[in-house]
>>> print(open('model.pdb').read())   # PDB, C-alpha atoms
ATOM      1  CA  MET A 269       6.309  11.554  -9.665
ATOM      2  CA  LEU A 270       4.643   9.563 -12.430
ATOM      3  CA  GLY A 271       7.603   9.046 -14.728
ATOM      4  CA  GLU A 272       7.606   8.666 -18.483
ATOM      5  CA  GLU A 273       6.078   5.179 -18.249
ATOM      6  CA  SER A 274       2.812   6.467 -16.796
ATOM      7  CA  TYR A 275       2.752   9.273 -19.352
ATOM      8  CA  ARG A 276       2.914   6.756 -22.195
ATOM      9  CA  ALA A 277       0.230   4.617 -20.547
ATOM     10  CA  TRP A 278      -2.133   7.588 -20.347
ATOM     11  CA  GLY A 279      -1.605   8.030 -24.083
ATOM     12  CA  GLU A 280      -3.540   4.764 -24.444
ATOM     13  CA  LEU A 281      -6.414   5.833 -22.167
ATOM     14  CA  LEU A 282      -8.956   4.844 -24.817
ATOM     15  CA  TYR A 283      -7.819   1.209 -24.501
ATOM     16  CA  THR A 284      -8.612   1.301 -20.784
ATOM     17  CA  VAL A 285     -11.982   2.973 -21.385
ATOM     18  CA  LYS A 286     -12.939   0.283 -23.916
ATOM     19  CA  THR A 287     -11.657  -2.771 -22.044
ATOM     20  CA  GLY A 288     -11.423  -1.852 -18.353
ATOM     21  CA  LYS A 289      -7.848  -3.166 -18.416
ATOM     22  CA  PRO A 290      -4.692  -1.157 -17.575
ATOM     23  CA  ALA A 291      -3.195   0.614 -20.575
ATOM     24  CA  PHE A 292       0.238   0.183 -18.996
ATOM     25  CA  ASP A 293       0.084  -3.578 -19.628
ATOM     26  CA  GLN A 294      -0.906  -2.952 -23.229
ATOM     27  CA  VAL A 295       2.005  -0.565 -23.837
ATOM     28  CA  TYR A 296       4.763  -2.453 -22.005
ATOM     29  CA  LYS A 297       3.449  -6.041 -22.282
ATOM     30  CA  MET A 298       3.898  -6.554 -18.539
ATOM     31  CA  ARG A 299       2.439  -5.303 -15.276
ATOM     32  CA  ARG A 300       3.663  -2.092 -13.665
ATOM     33  CA  PHE A 301       5.474  -3.741 -10.755
ATOM     34  CA  GLU A 302       7.064  -6.365 -12.986
ATOM     35  CA  TYR A 303       8.377  -3.479 -15.093
ATOM     36  CA  LEU A 304       9.853  -1.804 -12.013
ATOM     37  CA  ASN A 305      11.506  -5.062 -10.930
ATOM     38  CA  ARG A 306      13.146  -5.341 -14.344
ATOM     39  CA  ASN A 307      14.187  -1.671 -14.580
ATOM     40  CA  PRO A 308      16.128  -0.562 -11.479
ATOM     41  CA  ASP A 309      16.548   3.045 -12.634
ATOM     42  CA  ALA A 310      12.807   3.457 -13.099
ATOM     43  CA  ALA A 311      12.214   1.751  -9.754
ATOM     44  CA  ASP A 312      14.606   4.170  -8.045
ATOM     45  CA  VAL A 313      12.732   7.162  -9.473
ATOM     46  CA  PHE A 314       9.415   5.638  -8.431
ATOM     47  CA  ASN A 315      10.506   4.807  -4.870
ATOM     48  CA  THR A 316      12.091   8.228  -4.355
ATOM     49  CA  ALA A 317       8.940   9.888  -5.637
ATOM     50  CA  MET A 318       6.724   7.826  -3.339
ATOM     51  CA  THR A 319       8.876   8.796  -0.349
ATOM     52  CA  GLY A 320       8.485  12.469  -1.175
ATOM     53  CA  LEU A 321       4.813  12.206  -2.050
ATOM     54  CA  PHE A 322       3.818  10.304   1.082
ATOM     55  CA  ARG A 323       6.099  12.050   3.580
ATOM     56  CA  SER A 324       3.309  14.324   4.842
ATOM     57  CA  VAL A 325       0.787  11.462   4.643
ATOM     58  CA  HIS A 326       2.910   9.158   6.787
ATOM     59  CA  THR A 327       3.586  11.920   9.290
ATOM     60  CA  ALA A 328      -0.157  12.476   9.626
ATOM     61  CA  VAL A 329      -0.839   8.736   9.958
ATOM     62  CA  ALA A 330       1.755   8.306  12.705
ATOM     63  CA  LYS A 331       0.083  11.143  14.641
ATOM     64  CA  ALA A 332      -3.519  10.037  14.083
ATOM     65  CA  TYR A 333      -3.450   6.453  15.363
ATOM     66  CA  SER A 334      -2.744   5.248  18.889
ATOM     67  CA  PHE A 335      -0.526   2.168  19.118
ATOM     68  CA  ALA A 336      -0.787   2.079  22.909
ATOM     69  CA  GLY A 337      -2.200  -1.457  22.982
ATOM     70  CA  CYS A 338       0.329  -2.890  20.534
ATOM     71  CA  SER A 339       3.789  -4.337  21.052
ATOM     72  CA  LYS A 340       4.934  -5.144  17.504
ATOM     73  CA  ILE A 341       4.002  -3.591  14.180
ATOM     74  CA  VAL A 342       4.537  -5.183  10.763
ATOM     75  CA  ASP A 343       4.654  -2.791   7.802
ATOM     76  CA  ILE A 344       3.722  -4.765   4.680
ATOM     77  CA  GLY A 345       5.091  -3.257   1.467
ATOM     78  CA  GLY A 346       6.612  -0.480   3.560
ATOM     79  CA  GLY A 347       8.940   0.960   0.927
ATOM     80  CA  ASN A 348      12.123   2.439   2.365
ATOM     81  CA  GLY A 349      10.798   2.380   5.919
ATOM     82  CA  PHE A 350       9.824   6.016   6.405
ATOM     83  CA  LEU A 351       6.390   5.229   7.885
ATOM     84  CA  ILE A 352       7.503   2.502  10.283
ATOM     85  CA  SER A 353      10.409   4.706  11.405
ATOM     86  CA  LEU A 354       7.994   7.505  12.278
ATOM     87  CA  ILE A 355       5.733   5.119  14.178
ATOM     88  CA  LEU A 356       8.610   3.545  16.124
ATOM     89  CA  ARG A 357      10.112   6.906  17.046
ATOM     90  CA  GLY A 358       6.739   8.087  18.325
ATOM     91  CA  ASN A 359       6.098   4.848  20.243
ATOM     92  CA  PRO A 360       9.240   3.761  22.137
ATOM     93  CA  HIS A 361       7.465   0.629  23.438
ATOM     94  CA  LEU A 362       7.072  -0.808  19.936
ATOM     95  CA  THR A 363       9.286  -3.078  17.883
ATOM     96  CA  GLY A 364       8.730  -3.574  14.177
ATOM     97  CA  THR A 365       9.211  -5.580  11.002
ATOM     98  CA  LEU A 366       9.491  -3.980   7.582
ATOM     99  CA  PHE A 367       8.438  -6.389   4.811
ATOM    100  CA  GLU A 368       9.334  -5.584   1.203
ATOM    101  CA  ILE A 369      10.399  -7.176  -2.059
ATOM    102  CA  PRO A 370      14.121  -8.031  -2.399
ATOM    103  CA  THR A 371      14.853  -5.149  -4.793
ATOM    104  CA  VAL A 372      13.687  -2.589  -2.225
ATOM    105  CA  ILE A 373      14.865  -4.141   1.036
ATOM    106  CA  GLN A 374      18.474  -2.911   0.817
ATOM    107  CA  ASP A 375      17.425   0.735   0.659
ATOM    108  CA  ALA A 376      15.010   0.061   3.509
ATOM    109  CA  LYS A 377      17.836  -1.331   5.650
ATOM    110  CA  LYS A 378      19.887   1.805   5.032
ATOM    111  CA  HIS A 379      16.988   4.031   6.066
ATOM    112  CA  ILE A 380      16.328   2.009   9.225
ATOM    113  CA  GLU A 381      20.024   2.204  10.140
ATOM    114  CA  ALA A 382      20.157   5.958   9.465
ATOM    115  CA  ALA A 383      17.127   6.403  11.734
ATOM    116  CA  GLY A 384      18.966   4.577  14.530
ATOM    117  CA  LEU A 385      16.284   1.886  14.731
ATOM    118  CA  THR A 386      18.199  -1.252  13.775
ATOM    119  CA  ALA A 387      17.802  -2.727  17.271
ATOM    120  CA  ARG A 388      14.014  -2.273  17.178
ATOM    121  CA  CYS A 389      13.170  -2.947  13.536
ATOM    122  CA  GLU A 390      14.056  -5.976  11.436
ATOM    123  CA  THR A 391      13.776  -6.069   7.644
ATOM    124  CA  VAL A 392      12.391  -9.102   5.847
ATOM    125  CA  ALA A 393      12.297  -9.668   2.083
ATOM    126  CA  GLY A 394       9.431 -11.542   0.464
ATOM    127  CA  ASP A 395       6.267 -11.463  -1.628
ATOM    128  CA  PHE A 396       2.958 -10.518   0.011
ATOM    129  CA  PHE A 397       1.102 -12.576  -2.593
ATOM    130  CA  VAL A 398       2.764 -15.657  -1.051
ATOM    131  CA  SER A 399       2.933 -14.900   2.685
ATOM    132  CA  VAL A 400       3.720 -12.178   5.230
ATOM    133  CA  PRO A 401       5.682 -12.353   8.506
ATOM    134  CA  GLU A 402       3.940 -13.584  11.631
ATOM    135  CA  GLY A 403       4.414 -12.203  15.125
ATOM    136  CA  GLY A 404       2.886  -8.746  14.885
ATOM    137  CA  ASP A 405      -0.251  -7.506  16.569
ATOM    138  CA  ALA A 406      -0.651  -4.530  14.230
ATOM    139  CA  TYR A 407      -0.254  -4.925  10.466
ATOM    140  CA  VAL A 408      -0.032  -1.875   8.191
ATOM    141  CA  LEU A 409      -0.747  -1.788   4.450
ATOM    142  CA  ALA A 410      -0.130   1.777   3.277
ATOM    143  CA  HIS A 411      -1.131   2.524  -0.323
ATOM    144  CA  VAL A 412      -1.096  -1.141  -1.274
ATOM    145  CA  MET A 413      -4.801  -1.804  -1.840
ATOM    146  CA  GLN A 414      -5.107   0.969  -4.424
ATOM    147  CA  SER A 415      -2.598  -0.731  -6.698
ATOM    148  CA  PHE A 416      -4.548  -3.942  -7.319
ATOM    149  CA  ASP A 417      -7.970  -5.259  -8.245
ATOM    150  CA  ASP A 418     -10.230  -6.935  -5.685
ATOM    151  CA  ASP A 419      -9.115 -10.494  -6.441
ATOM    152  CA  ARG A 420      -5.417  -9.771  -5.913
ATOM    153  CA  ASN A 421      -6.142  -7.674  -2.819
ATOM    154  CA  VAL A 422      -8.098 -10.527  -1.256
ATOM    155  CA  VAL A 423      -4.982 -12.725  -1.620
ATOM    156  CA  ILE A 424      -2.894 -10.125   0.241
ATOM    157  CA  LEU A 425      -5.544  -9.620   2.919
ATOM    158  CA  ARG A 426      -5.964 -13.360   3.503
ATOM    159  CA  ASN A 427      -2.201 -13.725   3.926
ATOM    160  CA  CYS A 428      -2.312 -10.955   6.531
ATOM    161  CA  ARG A 429      -5.289 -12.613   8.223
ATOM    162  CA  ARG A 430      -3.384 -15.906   8.490
ATOM    163  CA  ALA A 431      -0.366 -14.169  10.023
ATOM    164  CA  MET A 432      -2.351 -12.074  12.517
ATOM    165  CA  PRO A 433      -3.212 -13.229  16.047
ATOM    166  CA  GLN A 434      -6.909 -13.224  16.918
ATOM    167  CA  HIS A 435      -6.511  -9.935  18.803
ATOM    168  CA  GLY A 436      -4.529  -8.340  15.964
ATOM    169  CA  LYS A 437      -5.459  -5.270  13.977
ATOM    170  CA  LEU A 438      -4.999  -4.450  10.311
ATOM    171  CA  LEU A 439      -4.559  -0.829   9.264
ATOM    172  CA  LEU A 440      -5.067   0.234   5.653
ATOM    173  CA  VAL A 441      -3.827   3.702   4.713
ATOM    174  CA  GLU A 442      -5.694   4.909   1.641
ATOM    175  CA  PRO A 443      -7.887   7.726   0.329
ATOM    176  CA  VAL A 444     -11.558   6.926   0.896
ATOM    177  CA  ILE A 445     -13.946   8.149  -1.802
ATOM    178  CA  SER A 446     -16.954   9.979  -0.409
ATOM    179  CA  PRO A 447     -20.393   8.998  -1.757
ATOM    180  CA  GLY A 448     -22.019  11.208  -4.385
ATOM    181  CA  ASN A 449     -20.664  13.092  -7.380
ATOM    182  CA  ALA A 450     -18.746  15.904  -5.679
ATOM    183  CA  PRO A 451     -15.264  16.535  -7.109
ATOM    184  CA  SER A 452     -12.525  14.582  -5.357
ATOM    185  CA  PHE A 453      -8.801  14.094  -5.981
ATOM    186  CA  ALA A 454      -9.316  10.462  -4.990
ATOM    187  CA  LYS A 455     -11.523  10.047  -8.072
ATOM    188  CA  LEU A 456      -8.704  11.212 -10.350
ATOM    189  CA  LEU A 457      -6.378   8.788  -8.561
ATOM    190  CA  ASP A 458      -8.999   6.092  -9.107
ATOM    191  CA  LEU A 459      -8.734   6.581 -12.867
ATOM    192  CA  HIS A 460      -4.936   6.784 -12.734
ATOM    193  CA  MET A 461      -4.681   3.482 -10.884
ATOM    194  CA  LEU A 462      -6.974   1.839 -13.439
ATOM    195  CA  VAL A 463      -4.791   3.079 -16.317
ATOM    196  CA  VAL A 464      -1.451   2.151 -14.747
ATOM    197  CA  THR A 465      -1.981  -0.853 -12.461
ATOM    198  CA  GLY A 466      -5.562  -2.061 -12.865
ATOM    199  CA  GLY A 467      -6.182  -0.979  -9.264
ATOM    200  CA  ARG A 468      -8.699   1.483  -7.883
ATOM    201  CA  GLN A 469      -9.685   3.774  -5.037
ATOM    202  CA  ARG A 470     -12.686   2.710  -2.953
ATOM    203  CA  THR A 471     -15.540   3.941  -0.791
ATOM    204  CA  GLU A 472     -15.948   2.888   2.832
ATOM    205  CA  ILE A 473     -18.635   0.394   1.826
ATOM    206  CA  GLU A 474     -16.347  -1.115  -0.809
ATOM    207  CA  TYR A 475     -13.545  -1.487   1.746
ATOM    208  CA  ARG A 476     -15.955  -3.134   4.176
ATOM    209  CA  THR A 477     -16.941  -5.646   1.494
ATOM    210  CA  LEU A 478     -13.340  -6.271   0.415
ATOM    211  CA  LEU A 479     -12.191  -6.907   3.986
ATOM    212  CA  GLY A 480     -15.120  -9.227   4.596
ATOM    213  CA  LEU A 481     -13.942 -11.488   1.763
ATOM    214  CA  ALA A 482     -10.767 -12.116   3.801
ATOM    215  CA  ASP A 483     -12.589 -12.755   7.104
ATOM    216  CA  LEU A 484     -11.789  -9.284   8.402
ATOM    217  CA  ARG A 485     -14.266  -6.753   9.788
ATOM    218  CA  LEU A 486     -13.953  -2.999   9.324
ATOM    219  CA  THR A 487     -14.225  -1.346  12.742
ATOM    220  CA  LYS A 488     -13.585   2.337  12.031
ATOM    221  CA  VAL A 489     -12.245   4.863   9.566
ATOM    222  CA  ILE A 490      -9.981   7.535  11.016
ATOM    223  CA  ALA A 491      -9.526  10.723   8.985
ATOM    224  CA  THR A 492      -6.064  12.304   9.060
ATOM    225  CA  GLU A 493      -5.037  15.915   8.578
ATOM    226  CA  CYS A 494      -3.579  15.098   5.141
ATOM    227  CA  GLY A 495      -6.911  14.012   3.652
ATOM    228  CA  GLU A 496      -6.203  10.275   3.636
ATOM    229  CA  SER A 497      -7.664   7.790   6.095
ATOM    230  CA  ILE A 498      -6.685   4.901   8.338
ATOM    231  CA  ILE A 499      -9.090   1.996   7.862
ATOM    232  CA  GLU A 500      -8.964  -0.283  10.909
ATOM    233  CA  ALA A 501     -10.027  -3.915  10.664
ATOM    234  CA  VAL A 502     -10.000  -6.879  13.056
ATOM    235  CA  CYS A 503     -10.293 -10.653  12.663
ATOM    236  CA  VAL A 504     -13.790 -12.075  12.366
TER     237      VAL A 504
END
>>> encode(input="model.pdb", output="structure tokens")
Amino acid sequence: MLGEESYRAWGELLYTVKTGKPAFDQVYKMRRFEYLNRNPDAADVFNTAMTGLFRSVHTAVAKAYSFAGCSKIVDIGGGNGFLISLILRGNPHLTGTLFEIPTVIQDAKKHIEAAGLTARCETVAGDFFVSVPEGGDAYVLAHVMQSFDDDRNVVILRNCRRAMPQHGKLLLVEPVISPGNAPSFAKLLDLHMLVVTGGRQRTEIEYRTLLGLADLRLTKVIATECGESIIEAVCV
């Protein structure tokens, strides 16, 4: 799942402890996602691993949230399209847009076609730090926030806010760290994200604050059977 690159980054954990900066950048002299863009074989391993890792998570998410009041869903950074395919199959009234970087979009198209959803789901290539597609009334960011620091996440969230209609909803799919010092797998992931991407896991209060910086308001947190949560937000 992690690949040799993450293993080498963890070898420089002390750098991260001292500086608060990702050891991955120190080892490879570039950010994690820039590295994946430049190394297709590593990107293929990573994307395949994420599909396997999040298969049960995405199944649980598709079951836990009602899309009854929505007509179009936009999956931002949706990988190969497994999550949006599950949602569309479970909600025949929905159409969708899968938004991903150019190096991933071809595999996403193949998955959408194999799922028999080409007529209901378009694929769009782009960069969520620049803009995201308009026209949806539900926007999904699954395991995107954990990969970046607050400043970069606010850019993504503001782009989503600009694209959303006033009645739209934003759904973040992430682990939510419980308050207190009880052991939690999310806390180990928190450290891993810091070492590899400079990102982090967050508490509900931290998500509420982060969303507020992009003129979004957290409305509820829905627990799923896989242990991760759906964080729903609306426009302020």
>>> residues_near_point(input="model.pdb", point="(-14.0, -9.0, 5.9)", cutoff="10 Å", atoms="only C-alpha atoms", output="list in words")
Val422, Leu425, Arg426, Arg429, Tyr475, Arg476, Thr477, Leu478, Leu479, Gly480, Leu481, Ala482, Asp483, Leu484, Arg485, Leu486, Ala501, Val502, Cys503 and Val504 of chain A
>>> residues_around(input="model.pdb", residues="segment 461-474 of chain A", least_positions_apart="6", cutoff="10 Å", atoms="all atoms listed in the file", output="number ranges by chain")
A: 270, 273-285, 288-294, 299-301, 411-418, 420-421, 442-447, 454-455, 480, 486, 488-489, 499
>>> resolve_selection(input="model.pdb", expression="the PyMOL selection byres ((chain A and resi 306-310) around 12)", output="PyMOL selection string")
chain A and resi 269-274+296+298-305+311-317+370-372
>>> closest_residue(input="model.pdb", among="A:Thr327, A:Thr363, A:Ser353, A:Ser399", to="Lys340 of chain A", atoms="all atoms listed in the file")
A:Thr363
>>> atom_distance(input="model.pdb", atom1="atom CA of Gly448 of chain A", atom2="atom CA of Ala328 of chain A")
26.0 Å
>>> atom_distance(input="model.pdb", atom1="atom CA of Ala383 of chain A", atom2="atom CA of Gly347 of chain A")
14.6 Å
>>> atom_distance(input="model.pdb", atom1="atom CA of Gly384 of chain A", atom2="atom CA of Tyr333 of chain A")
22.5 Å
>>> closest_residue(input="model.pdb", among="A:Cys338, A:Ala387, A:Ala406, A:Ala330", to="His361 of chain A", atoms="only C-alpha atoms")
A:Cys338
>>> residues_around(input="model.pdb", residues="Ile341 of chain A", least_positions_apart="3", cutoff="6 Å", atoms="only C-alpha atoms", output="PyMOL selection string")
chain A and resi 364+404+406-407
>>> write_last_selection(input="model.pdb", atoms="C-alpha atoms", output="PDB file, in the frame of the given file")
ATOM      1  CA  GLY A 364       8.730  -3.574  14.177  1.00  0.00           C
ATOM      2  CA  GLY A 404       2.886  -8.746  14.885  1.00  0.00           C
ATOM      3  CA  ALA A 406      -0.651  -4.530  14.230  1.00  0.00           C
ATOM      4  CA  TYR A 407      -0.254  -4.925  10.466  1.00  0.00           C
TER       5      TYR A 407
END
>>> resolve_selection(input="model.pdb", expression="the PyMOL selection byres ((chain A and resi 324) around 12)", output="PyMOL selection string")
chain A and resi 318-323+325-331+350-351+354+492-496
>>> closest_residue(input="model.pdb", among="A:Ser334, A:Gln374, A:Asn348, A:Asn449", to="Leu362 of chain A", atoms="only C-alpha atoms")
A:Ser334
>>> resolve_selection(input="model.pdb", expression="the PyMOL selection byres ((chain A and resi 346) around 7)", output="PDB file with C-alpha atoms, in the frame of the given file")
ATOM      1  CA  ASP A 343       4.654  -2.791   7.802  1.00  0.00           C
ATOM      2  CA  ILE A 344       3.722  -4.765   4.680  1.00  0.00           C
ATOM      3  CA  GLY A 345       5.091  -3.257   1.467  1.00  0.00           C
ATOM      4  CA  GLY A 347       8.940   0.960   0.927  1.00  0.00           C
ATOM      5  CA  ASN A 348      12.123   2.439   2.365  1.00  0.00           C
ATOM      6  CA  GLY A 349      10.798   2.380   5.919  1.00  0.00           C
ATOM      7  CA  LEU A 366       9.491  -3.980   7.582  1.00  0.00           C
ATOM      8  CA  PHE A 367       8.438  -6.389   4.811  1.00  0.00           C
ATOM      9  CA  GLU A 368       9.334  -5.584   1.203  1.00  0.00           C
TER      10      GLU A 368
END
>>> axis_aligned_box(input="model.pdb", around="segment 399-412 of chain A", padding_each_side="5 Å", output="lines of an AutoDock Vina configuration file")
center_x = 2.3
center_y = -6.2
center_z = 7.6
size_x = 16.8
size_y = 27.4
size_z = 27.8
>>> residues_around(input="model.pdb", residues="Leu440 of chain A", least_positions_apart="6", cutoff="6 Å", atoms="all atoms listed in the file", output="list of chain:residue names")
A:Leu409, A:Ala410, A:Ile498, A:Ile499
>>> decode(input="model.pdb", residues="segment 307-321 of chain A", atoms="N, CA, C and O atoms", output="PDB file, in the first residue's frame")
ATOM      1  N   ASN A 307       6.312   9.770 -12.145  1.00  0.00           N
ATOM      2  CA  ASN A 307       6.682   8.352 -12.113  1.00  0.00           C
ATOM      3  C   ASN A 307       5.432   7.491 -12.276  1.00  0.00           C
ATOM      4  O   ASN A 307       4.813   7.067 -11.284  1.00  0.00           O
ATOM      5  N   PRO A 308       5.037   7.214 -13.516  1.00  0.00           N
ATOM      6  CA  PRO A 308       3.786   6.498 -13.782  1.00  0.00           C
ATOM      7  C   PRO A 308       3.702   5.122 -13.120  1.00  0.00           C
ATOM      8  O   PRO A 308       2.616   4.720 -12.692  1.00  0.00           O
ATOM      9  N   ASP A 309       4.804   4.405 -13.036  1.00  0.00           N
ATOM     10  CA  ASP A 309       4.757   3.078 -12.408  1.00  0.00           C
ATOM     11  C   ASP A 309       4.409   3.192 -10.930  1.00  0.00           C
ATOM     12  O   ASP A 309       3.599   2.416 -10.406  1.00  0.00           O
ATOM     13  N   ALA A 310       5.033   4.149 -10.256  1.00  0.00           N
ATOM     14  CA  ALA A 310       4.722   4.369  -8.842  1.00  0.00           C
ATOM     15  C   ALA A 310       3.286   4.836  -8.671  1.00  0.00           C
ATOM     16  O   ALA A 310       2.588   4.432  -7.725  1.00  0.00           O
ATOM     17  N   ALA A 311       2.824   5.677  -9.593  1.00  0.00           N
ATOM     18  CA  ALA A 311       1.442   6.163  -9.535  1.00  0.00           C
ATOM     19  C   ALA A 311       0.454   5.028  -9.717  1.00  0.00           C
ATOM     20  O   ALA A 311      -0.591   4.979  -9.055  1.00  0.00           O
ATOM     21  N   ASP A 312       0.782   4.080 -10.604  1.00  0.00           N
ATOM     22  CA  ASP A 312      -0.101   2.934 -10.833  1.00  0.00           C
ATOM     23  C   ASP A 312      -0.209   2.078  -9.583  1.00  0.00           C
ATOM     24  O   ASP A 312      -1.306   1.636  -9.206  1.00  0.00           O
ATOM     25  N   VAL A 313       0.913   1.842  -8.913  1.00  0.00           N
ATOM     26  CA  VAL A 313       0.891   1.084  -7.656  1.00  0.00           C
ATOM     27  C   VAL A 313       0.049   1.815  -6.617  1.00  0.00           C
ATOM     28  O   VAL A 313      -0.789   1.213  -5.928  1.00  0.00           O
ATOM     29  N   PHE A 314       0.261   3.124  -6.516  1.00  0.00           N
ATOM     30  CA  PHE A 314      -0.462   3.923  -5.528  1.00  0.00           C
ATOM     31  C   PHE A 314      -1.964   3.894  -5.797  1.00  0.00           C
ATOM     32  O   PHE A 314      -2.766   3.652  -4.889  1.00  0.00           O
ATOM     33  N   ASN A 315      -2.372   4.131  -7.040  1.00  0.00           N
ATOM     34  CA  ASN A 315      -3.799   4.185  -7.361  1.00  0.00           C
ATOM     35  C   ASN A 315      -4.472   2.832  -7.174  1.00  0.00           C
ATOM     36  O   ASN A 315      -5.613   2.751  -6.704  1.00  0.00           O
ATOM     37  N   THR A 316      -3.764   1.754  -7.540  1.00  0.00           N
ATOM     38  CA  THR A 316      -4.324   0.416  -7.336  1.00  0.00           C
ATOM     39  C   THR A 316      -4.481   0.116  -5.847  1.00  0.00           C
ATOM     40  O   THR A 316      -5.482  -0.453  -5.411  1.00  0.00           O
ATOM     41  N   ALA A 317      -3.487   0.536  -5.077  1.00  0.00           N
ATOM     42  CA  ALA A 317      -3.554   0.326  -3.631  1.00  0.00           C
ATOM     43  C   ALA A 317      -4.703   1.106  -3.009  1.00  0.00           C
ATOM     44  O   ALA A 317      -5.420   0.591  -2.139  1.00  0.00           O
ATOM     45  N   MET A 318      -4.895   2.350  -3.447  1.00  0.00           N
ATOM     46  CA  MET A 318      -5.978   3.159  -2.893  1.00  0.00           C
ATOM     47  C   MET A 318      -7.338   2.558  -3.225  1.00  0.00           C
ATOM     48  O   MET A 318      -8.262   2.572  -2.396  1.00  0.00           O
ATOM     49  N   THR A 319      -7.467   1.987  -4.426  1.00  0.00           N
ATOM     50  CA  THR A 319      -8.729   1.336  -4.796  1.00  0.00           C
ATOM     51  C   THR A 319      -9.020   0.177  -3.857  1.00  0.00           C
ATOM     52  O   THR A 319     -10.133   0.012  -3.354  1.00  0.00           O
ATOM     53  N   GLY A 320      -7.995  -0.651  -3.616  1.00  0.00           N
ATOM     54  CA  GLY A 320      -8.190  -1.782  -2.719  1.00  0.00           C
ATOM     55  C   GLY A 320      -8.436  -1.355  -1.283  1.00  0.00           C
ATOM     56  O   GLY A 320      -9.330  -1.877  -0.602  1.00  0.00           O
ATOM     57  N   LEU A 321      -7.663  -0.377  -0.837  1.00  0.00           N
ATOM     58  CA  LEU A 321      -7.767   0.082   0.546  1.00  0.00           C
ATOM     59  C   LEU A 321      -9.133   0.679   0.837  1.00  0.00           C
ATOM     60  O   LEU A 321      -9.736   0.431   1.883  1.00  0.00           O
TER      61      LEU A 321
END
